[in-house]
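Here is the file data.cif (mmCIF, C-alpha atoms and all ligand atoms).
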data_model
loop_
_atom_site.label_atom_id
_atom_site.label_comp_id
_atom_site.auth_asym_id
_atom_site.auth_seq_id
_atom_site.Cartn_x
_atom_site.Cartn_y
_atom_site.Cartn_z
CA MET A 1 6.22 -16.14 -21.26
CA ASN A 2 3.02 -17.02 -19.50
CA LEU A 3 0.20 -15.34 -21.44
CA ASN A 4 -2.00 -15.39 -18.37
CA ARG A 5 0.20 -12.78 -16.85
CA ARG A 6 0.57 -9.10 -17.41
CA THR A 7 4.09 -7.83 -17.58
CA PHE A 8 5.44 -4.36 -17.06
CA VAL A 9 8.76 -3.86 -18.75
CA ALA A 10 10.50 -1.08 -17.04
CA SER A 11 13.45 1.08 -17.91
CA THR A 12 15.57 2.68 -15.30
CA ALA A 13 16.03 6.31 -16.23
CA LEU A 14 18.73 8.18 -14.43
CA ALA A 15 17.34 11.55 -13.50
CA ALA A 16 18.45 14.38 -11.29
CA VAL A 17 17.45 14.09 -7.66
CA PHE A 18 15.44 16.89 -6.09
CA GLY A 19 14.12 17.25 -2.56
CA LEU A 20 10.38 16.90 -2.20
CA ASN A 21 8.12 17.25 0.75
CA SER A 22 4.61 17.00 -0.67
CA ARG A 23 1.94 14.85 0.85
CA LEU A 24 -0.99 12.81 -0.26
CA ILE A 25 -3.97 14.98 -1.07
CA ILE A 26 -7.44 13.53 -0.86
CA ASN A 27 -9.79 14.59 -3.60
CA VAL A 28 -13.22 13.06 -3.22
CA ALA A 29 -14.61 14.47 -6.46
CA ALA A 30 -14.73 11.43 -8.71
CA ALA A 31 -16.23 11.14 -12.15
CA ALA A 32 -18.05 8.00 -13.29
CA GLN A 33 -15.73 5.03 -12.93
CA VAL A 34 -14.06 3.95 -16.15
CA THR A 35 -11.81 1.16 -14.83
CA ALA A 36 -13.62 -2.17 -14.64
CA ASP A 37 -13.87 -3.87 -11.25
CA PRO A 38 -12.74 -7.52 -11.25
CA ALA A 39 -15.56 -10.03 -11.89
CA LYS A 40 -14.66 -11.80 -8.65
CA PRO A 41 -13.45 -9.50 -5.84
CA PHE A 42 -11.08 -11.98 -4.21
CA THR A 43 -8.36 -14.42 -5.29
CA ARG A 44 -6.50 -16.95 -3.15
CA TYR A 45 -2.90 -18.10 -3.38
CA LYS A 46 -0.54 -20.08 -1.19
CA ILE A 47 2.74 -19.06 0.39
CA GLY A 48 4.07 -22.26 1.95
CA ASP A 49 1.46 -23.33 4.45
CA ALA A 50 -0.15 -19.89 4.59
CA GLU A 51 -3.19 -19.04 2.51
CA VAL A 52 -3.35 -15.48 1.23
CA THR A 53 -6.53 -13.93 -0.12
CA ALA A 54 -6.21 -10.77 -2.21
CA ILE A 55 -9.35 -8.78 -1.53
CA TYR A 56 -10.48 -5.92 -3.74
CA ASP A 57 -11.58 -2.67 -2.12
CA GLY A 58 -12.06 -0.53 -5.24
CA VAL A 59 -10.16 1.83 -7.49
CA TRP A 60 -9.31 5.51 -7.62
CA GLU A 61 -9.12 7.11 -11.03
CA ARG A 62 -6.98 9.86 -9.72
CA PRO A 63 -6.61 13.17 -11.53
CA TYR A 64 -3.09 14.43 -12.13
CA LYS A 65 -1.72 16.94 -9.73
CA PRO A 66 1.04 19.42 -10.50
CA ASN A 67 4.53 18.12 -9.74
CA LEU A 68 3.22 14.58 -9.60
CA VAL A 69 6.80 13.42 -10.04
CA ALA A 70 9.41 15.97 -8.99
CA ASN A 71 12.07 14.72 -11.35
CA ALA A 72 9.96 13.84 -14.43
CA SER A 73 7.61 15.77 -16.69
CA VAL A 74 3.91 14.95 -16.97
CA ASP A 75 4.61 13.88 -20.57
CA ASP A 76 7.17 11.36 -19.32
CA VAL A 77 4.72 10.13 -16.68
CA LYS A 78 2.00 9.68 -19.33
CA ALA A 79 4.44 7.82 -21.59
CA ALA A 80 5.30 5.44 -18.73
CA LEU A 81 1.61 4.75 -18.11
CA THR A 82 0.99 4.07 -21.82
CA ARG A 83 4.00 1.75 -21.94
CA ALA A 84 2.47 -0.26 -19.07
CA GLY A 85 -0.81 -0.59 -20.97
CA LEU A 86 -2.68 1.90 -18.76
CA THR A 87 -4.72 4.92 -19.75
CA ASP A 88 -2.89 8.24 -19.53
CA ALA A 89 -6.14 10.12 -18.83
CA PHE A 90 -5.71 9.67 -15.07
CA LEU A 91 -3.75 7.56 -12.56
CA THR A 92 -5.31 4.15 -12.04
CA LEU A 93 -4.91 3.37 -8.35
CA PRO A 94 -6.60 0.15 -7.20
CA PHE A 95 -6.74 -0.87 -3.53
CA THR A 96 -6.17 -4.52 -2.56
CA VAL A 97 -6.01 -5.78 1.02
CA SER A 98 -4.04 -9.01 1.51
CA VAL A 99 -5.51 -11.37 4.11
CA ILE A 100 -3.15 -14.00 5.54
CA LYS A 101 -4.60 -17.13 7.08
CA GLN A 102 -2.29 -19.39 9.07
CA GLY A 103 -4.15 -22.12 10.94
CA ASP A 104 -7.05 -20.31 12.55
CA GLU A 105 -5.34 -16.93 12.67
CA VAL A 106 -6.64 -14.29 10.24
CA ILE A 107 -4.35 -11.32 9.63
CA LEU A 108 -5.13 -8.25 7.52
CA CYS A 109 -2.37 -6.35 5.75
CA ASP A 110 -3.78 -2.81 5.99
CA ALA A 111 -7.48 -2.09 6.32
CA GLY A 112 -8.76 -0.61 3.07
CA THR A 113 -10.37 2.79 2.50
CA GLY A 114 -13.50 2.23 4.57
CA GLY A 115 -15.39 4.02 1.79
CA GLN A 116 -13.98 7.31 3.09
CA VAL A 117 -11.42 8.17 0.44
CA VAL A 118 -13.24 8.01 -2.91
CA PRO A 119 -16.79 6.93 -3.77
CA THR A 120 -15.42 4.18 -6.05
CA ALA A 121 -13.73 2.32 -3.19
CA GLY A 122 -14.96 0.85 0.09
CA LYS A 123 -15.88 -2.61 -1.08
CA PHE A 124 -13.47 -4.43 1.22
CA LEU A 125 -15.87 -5.63 3.92
CA ASP A 126 -18.40 -6.97 1.38
CA SER A 127 -15.62 -8.70 -0.57
CA PHE A 128 -14.11 -10.04 2.67
CA LYS A 129 -17.44 -11.59 3.69
CA ALA A 130 -17.97 -12.93 0.14
CA ALA A 131 -14.61 -14.70 0.53
CA GLY A 132 -16.00 -16.47 3.62
CA PHE A 133 -14.37 -14.38 6.36
CA ASP A 134 -15.96 -13.03 9.53
CA PRO A 135 -14.74 -9.52 10.52
CA ALA A 136 -15.24 -10.43 14.21
CA LYS A 137 -12.60 -13.15 13.85
CA VAL A 138 -9.76 -10.96 12.57
CA GLY A 139 -6.89 -11.51 15.01
CA LYS A 140 -4.30 -9.01 13.82
CA ILE A 141 -4.14 -6.04 11.47
CA LEU A 142 -0.72 -4.95 10.24
CA ILE A 143 -0.59 -1.29 9.25
CA SER A 144 2.04 -0.29 6.68
CA HIS A 145 1.56 3.45 7.21
CA CYS A 146 -1.09 5.98 8.17
CA HIS A 147 -2.31 7.29 4.83
CA PRO A 148 -6.14 7.36 4.65
CA ASP A 149 -6.42 4.63 2.00
CA HIS A 150 -4.68 2.21 4.38
CA ILE A 151 -6.24 3.08 7.74
CA PHE A 152 -9.73 4.51 7.23
CA GLY A 153 -11.04 0.93 6.99
CA LEU A 154 -10.21 0.67 10.72
CA MET A 155 -12.81 3.34 11.53
CA GLU A 156 -16.56 3.46 11.11
CA LYS A 157 -17.71 6.22 8.81
CA ASP A 158 -18.82 9.40 10.64
CA THR A 159 -18.21 8.12 14.20
CA ASN A 160 -14.62 6.82 13.78
CA ALA A 161 -15.54 3.97 16.15
CA PRO A 162 -13.22 0.96 15.77
CA VAL A 163 -14.42 -1.57 13.18
CA TYR A 164 -12.17 -4.28 14.66
CA ALA A 165 -12.29 -3.62 18.41
CA ASN A 166 -10.96 -7.11 19.25
CA ALA A 167 -8.13 -7.32 16.73
CA GLU A 168 -4.59 -6.36 17.65
CA ILE A 169 -3.49 -3.48 15.42
CA LEU A 170 0.27 -3.50 14.80
CA ILE A 171 2.04 -0.42 13.57
CA SER A 172 5.65 0.76 13.46
CA ASP A 173 6.58 2.77 16.55
CA VAL A 174 8.20 5.37 14.29
CA GLU A 175 4.98 5.79 12.30
CA TYR A 176 2.77 5.86 15.37
CA LYS A 177 4.88 8.43 17.20
CA TRP A 178 5.15 10.66 14.14
CA TRP A 179 1.38 10.86 13.54
CA THR A 180 0.43 11.19 17.21
CA ASP A 181 2.98 13.90 18.05
CA PRO A 182 0.87 16.84 19.30
CA SER A 183 3.16 19.34 17.56
CA LEU A 184 2.55 17.74 14.14
CA ILE A 185 -0.67 19.65 13.49
CA ASP A 186 1.28 22.91 13.20
CA LYS A 187 3.81 21.41 10.83
CA VAL A 188 1.61 19.81 8.14
CA PRO A 189 -0.08 21.65 5.26
CA ASP A 190 -3.78 22.50 5.62
CA ASP A 191 -4.96 19.58 3.49
CA ARG A 192 -3.24 17.18 5.89
CA LYS A 193 -4.64 18.65 9.14
CA PRO A 194 -7.96 16.71 9.08
CA LEU A 195 -6.07 13.40 8.86
CA VAL A 196 -3.74 14.35 11.70
CA LYS A 197 -6.71 15.41 13.86
CA CYS A 198 -8.57 12.20 13.06
CA ILE A 199 -5.61 9.99 13.99
CA GLN A 200 -4.86 11.95 17.18
CA ALA A 201 -8.51 11.80 18.28
CA THR A 202 -8.80 8.05 17.80
CA PHE A 203 -5.59 6.00 17.96
CA PRO A 204 -4.50 7.05 21.48
CA THR A 205 -7.97 6.12 22.79
CA TRP A 206 -7.82 2.59 21.36
CA LYS A 207 -6.46 -0.05 23.68
CA ASN A 208 -5.65 -2.58 20.96
CA ILE A 209 -2.75 -0.85 19.18
CA THR A 210 0.73 -2.35 19.54
CA GLN A 211 3.77 -0.35 18.44
CA VAL A 212 6.37 -2.45 16.67
CA SER A 213 10.05 -1.59 16.78
CA GLY A 214 12.47 -2.37 13.96
CA GLU A 215 11.86 -5.54 11.97
CA LYS A 216 10.33 -7.56 14.76
CA GLU A 217 8.36 -10.72 14.07
CA VAL A 218 4.67 -9.91 14.59
CA ALA A 219 3.13 -13.31 13.83
CA LYS A 220 4.45 -16.73 12.86
CA GLY A 221 7.02 -16.14 10.09
CA LEU A 222 5.78 -12.59 9.53
CA ARG A 223 7.93 -9.53 10.12
CA PHE A 224 7.99 -5.82 9.46
CA VAL A 225 10.61 -4.58 6.98
CA GLU A 226 11.89 -1.03 7.37
CA THR A 227 11.07 0.91 4.20
CA PRO A 228 10.83 4.58 5.23
CA GLY A 229 10.29 7.52 2.88
CA HIS A 230 6.72 7.18 1.64
CA THR A 231 6.02 8.09 5.28
CA PRO A 232 8.56 8.20 8.14
CA GLY A 233 7.68 4.74 9.45
CA HIS A 234 6.42 3.00 6.33
CA ARG A 235 6.89 -0.76 6.54
CA ALA A 236 6.74 -3.69 4.12
CA PHE A 237 5.81 -7.11 5.50
CA HIS A 238 7.85 -10.28 4.92
CA LEU A 239 6.24 -13.70 5.24
CA ALA A 240 8.22 -16.95 5.42
CA SER A 241 6.27 -20.20 5.48
CA GLY A 242 7.75 -23.61 4.70
CA ASN A 243 10.18 -23.04 1.84
CA ALA A 244 8.28 -20.04 0.49
CA GLN A 245 8.97 -16.36 1.07
CA HIS A 246 6.90 -13.39 0.08
CA MET A 247 7.04 -9.60 0.44
CA PHE A 248 4.03 -7.36 0.85
CA SER A 249 5.66 -4.22 -0.52
CA ASN A 250 2.70 -1.99 0.41
CA ASP A 251 3.47 1.53 -0.89
CA THR A 252 7.21 1.13 -1.41
CA MET A 253 6.46 1.03 -5.16
CA TYR A 254 2.84 2.12 -5.11
CA MET A 255 2.36 2.55 -8.86
CA PRO A 256 4.49 -0.03 -10.66
CA ALA A 257 4.07 1.66 -14.03
CA LEU A 258 5.93 4.62 -12.52
CA ASN A 259 7.92 3.34 -9.54
CA VAL A 260 9.10 0.00 -10.91
CA ALA A 261 9.83 1.46 -14.31
CA HIS A 262 11.61 4.43 -12.74
CA PRO A 263 12.65 3.61 -9.16
CA ASP A 264 14.41 6.97 -8.99
CA TRP A 265 11.26 8.99 -9.70
CA MET A 266 10.16 10.91 -6.65
CA GLY A 267 6.39 11.00 -6.55
CA ALA A 268 4.45 13.69 -4.75
CA TYR A 269 2.95 10.95 -2.58
CA ASP A 270 6.35 10.10 -1.13
CA GLN A 271 6.79 12.34 1.87
CA ASP A 272 10.59 12.18 1.75
CA GLY A 273 11.57 11.59 -1.89
CA PRO A 274 15.26 10.63 -1.57
CA THR A 275 14.58 8.29 1.39
CA ALA A 276 11.69 6.66 -0.47
CA VAL A 277 13.86 6.14 -3.56
CA ASN A 278 16.55 4.55 -1.40
CA SER A 279 14.07 2.20 0.33
CA ARG A 280 12.45 1.29 -3.00
CA GLN A 281 15.76 0.49 -4.67
CA LYS A 282 16.92 -1.58 -1.71
CA LEU A 283 13.69 -3.57 -1.53
CA MET A 284 13.55 -4.14 -5.29
CA ASP A 285 17.12 -5.42 -5.34
CA ARG A 286 16.34 -7.73 -2.43
CA LEU A 287 13.23 -9.05 -4.20
CA VAL A 288 15.29 -9.86 -7.29
CA ALA A 289 18.30 -11.29 -5.41
CA GLU A 290 16.21 -13.50 -3.14
CA LYS A 291 13.63 -14.31 -5.84
CA LEU A 292 10.79 -13.37 -3.51
CA GLY A 293 7.16 -13.26 -4.51
CA LEU A 294 5.52 -9.92 -3.89
CA SER A 295 2.19 -8.21 -3.47
CA GLY A 296 1.50 -4.48 -3.79
CA TYR A 297 -1.43 -2.65 -2.25
CA HIS A 298 -1.98 -0.55 -5.41
CA PHE A 299 -0.84 -3.08 -8.02
CA PRO A 300 -3.40 -4.12 -10.67
CA PHE A 301 -5.74 -6.65 -9.03
CA PRO A 302 -5.07 -9.27 -7.73
CA GLY A 303 -1.78 -7.54 -7.10
CA TYR A 304 0.70 -10.35 -6.62
CA GLY A 305 3.53 -11.64 -8.78
CA SER A 306 7.27 -11.46 -9.03
CA LEU A 307 10.09 -9.09 -9.90
CA ALA A 308 13.07 -9.90 -12.10
CA LYS A 309 15.82 -8.00 -13.86
CA ASP A 310 16.40 -7.83 -17.60
CA GLY A 311 19.68 -5.99 -18.09
CA ALA A 312 19.22 -2.67 -16.30
CA ASP A 313 15.43 -2.96 -16.44
CA TYR A 314 13.15 -4.35 -13.78
CA VAL A 315 10.31 -6.58 -14.97
CA LEU A 316 7.28 -6.96 -12.75
CA THR A 317 4.99 -9.83 -13.62
CA ILE A 318 1.55 -9.77 -12.03
CA ASP A 319 -0.65 -12.82 -11.95
CA LYS A 320 -4.01 -12.45 -13.59
CA ALA A 321 -7.15 -12.63 -11.45
ZN ZN A 401 -1.52 3.90 -0.54
#
What would you get if you wrote out this structure as structure tokens?
Ligand SMILES: [Zn+2]
Amino acid sequence: MNLNRRTFVASTALAAVFGLNSRLIINVAAAAQVTADPAKPFTRYKIGDAEVTAIYDGVWERPYKPNLVANASVDDVKAALTRAGLTDAFLTLPFTVSVIKQGDEVILCDAGTGGQVVPTAGKFLDSFKAAGFDPAKVGKILISHCHPDHIFGLMEKDTNAPVYANAEILISDVEYKWWTDPSLIDKVPDDRKPLVKCIQATFPTWKNITQVSGEKEVAKGLRFVETPGHTPGHRAFHLASGNAQHMFSNDTMYMPALNVAHPDWMGAYDQDGPTAVNSRQKLMDRLVAEKLGLSGYHFPFPGYGSLAKDGADYVLTIDKA
């Protein structure tokens, strides 16, 4: 075992399956940050000929909410966190944007929080510049789904003006149509209405959004992978370069201590629990079978590593920053 790596050993519990239709709730009240930020806010690695830079945006020490996992008790959730070496005082939810550079093309995988989700996140642009990138030269931005922590970095604070007016923003057609449906506002709970209004007031006015159908290739060797459930059109991204292959799993398994250890757990942040569980299981089995590298948006920084199976358990190994 490589001691420079952190390993989550996970056990697959078989639990009853319940329906769940909760949604992400944004709580901006944050106490003083306990989780240390990485000393260096970016780390580079290679996937074939592509260079990927993991760029730190911050962390959310997220308070528990009732029914956090529909089919597990809070005690079981806390035990899973402790087993993964995390505090059980709150959920530790870091944000890491992966930046892919192929030749001169710079591609963002999601856009960070834009400092509009929690006060302890919003460091992406500073970290991005520290890593030597110029925001004006971003060519494409792939959006996994429309939760605030993935899209608010596209919008200037207060004005919602586009931060990347010249970049092509690529988003699943299913996701785009769901969030921009005028009838949606009457269907979502009150805490979701501001997000729906924000998206509907901005995205249709932007000329640089491209809707992507199915698993189409969106850049050289880079394609969307259908992983619905977390949201209706959630997508992972698959990159093939040279002999290397890599999966940006995004929020398919957003908290590995919970979702990798218990793929069948239906978290309150998954909009459609059973569909999310199905997508997660399918993707995890593909990662193991094809021995793909992977990166997760909320994995411990720098958020990339590999997934293997040990008996019935999944083992996620994350490289150390
Ligand atoms: Zn997320």
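Here CA of Leu142 in chain A is placed at a distance of 7.4 Å from CA of Ile107 in chain A.
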Pick from A:Ala289, A:Val52, A:Val174, A:Val97 nearest to Ser127 in chain A, counting all atoms listed in the file: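 Among A:Ala289, A:Val52, A:Val174, A:Val97, it is A:Val97 that comes nearest to Ser127 in chain A.
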For range 245-256 of chain A: contacts at 7 Å, only C-alpha atoms, fewer than 6 positions along chain excluded, given as number ranges by chain: A: 47, 144, 227, 230, 236-239, 280, 292-299
Atom pair CA of Thr317 in chain A / CA of Gly305 in chain A: separation (Å):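 Rounded to one decimal, the two atoms are 5.4 Å apart.
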Straight-line distance linking CA of Lys137 in chain A with CA of Cys109 in chain A, stated in Å to one decimal: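 Interatomic distance here is 14.7 Å.
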Residue with smallest distance to ligand ZN 401 (chain A) - pool A:Pro302, A:Gly115, A:Pro148, A:Pro63, counting all atoms listed in the file: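 Among A:Pro302, A:Gly115, A:Pro148, A:Pro63, it is A:Pro148 that comes nearest to ligand ZN 401 (chain A).
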Top pick for closest residue to Asn208 in chain A, considering A:Lys46, A:His145, A:Arg192, A:Lys140 and counting all atoms listed in the file: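 For Asn208 in chain A, the nearest of the given residues is A:Lys140.
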Output as JSON lines one row per residue of range 102-129 of chain A within 9 Å of range 78-96 of chain A: the closest atom pair and its distance in Å to one decimal place, counting only C-alpha atoms, sorted by chain and residue number ascending.
{"residue": "A:Gly112", "atom": "CA", "partner": "A:Phe95", "partner_atom": "CA", "distance": 6.9}
{"residue": "A:Thr113", "atom": "CA", "partner": "A:Phe95", "partner_atom": "CA", "distance": 7.9}
{"residue": "A:Ala121", "atom": "CA", "partner": "A:Phe95", "partner_atom": "CA", "distance": 7.7}
{"residue": "A:Phe124", "atom": "CA", "partner": "A:Thr96", "partner_atom": "CA", "distance": 8.2}
Top pick for closest residue to Leu108 in chain A, considering A:Phe203, A:Tyr45, A:Trp60, A:Tyr164 and counting all atoms listed in the file: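 Closest residue, counting all atoms listed in the file: A:Tyr164.
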From A:Lys65, A:Lys282, A:His147, A:Arg223, residue lying nearest ligand ZN 401 (chain A) [all atoms listed in the file]: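 That would be A:His147, the residue with the smallest distance to ligand ZN 401 (chain A).
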Selection near Ala201 in chain A, 10 Å with only C-alpha atoms, sequence-local residues under 6 positions removed, as a ChimeraX atom specification: /A:160,180,195
Best match for closeness to Ser279 in chain A among A:Lys193, A:Arg235, A:Lys207, A:Arg62, counting only C-alpha atoms: A:Arg235
What are the centre and edge lengths in Å, to one decimal, of the axis-aligned box around all listed atoms of range 249-260 of chain A with 4 Å added on each side, as lines of an AutoDock Vina configuration file?
center_x = 5.7
center_y = 0.2
center_z = -6.8
size_x = 14.7
size_y = 16.8
size_z = 22.4
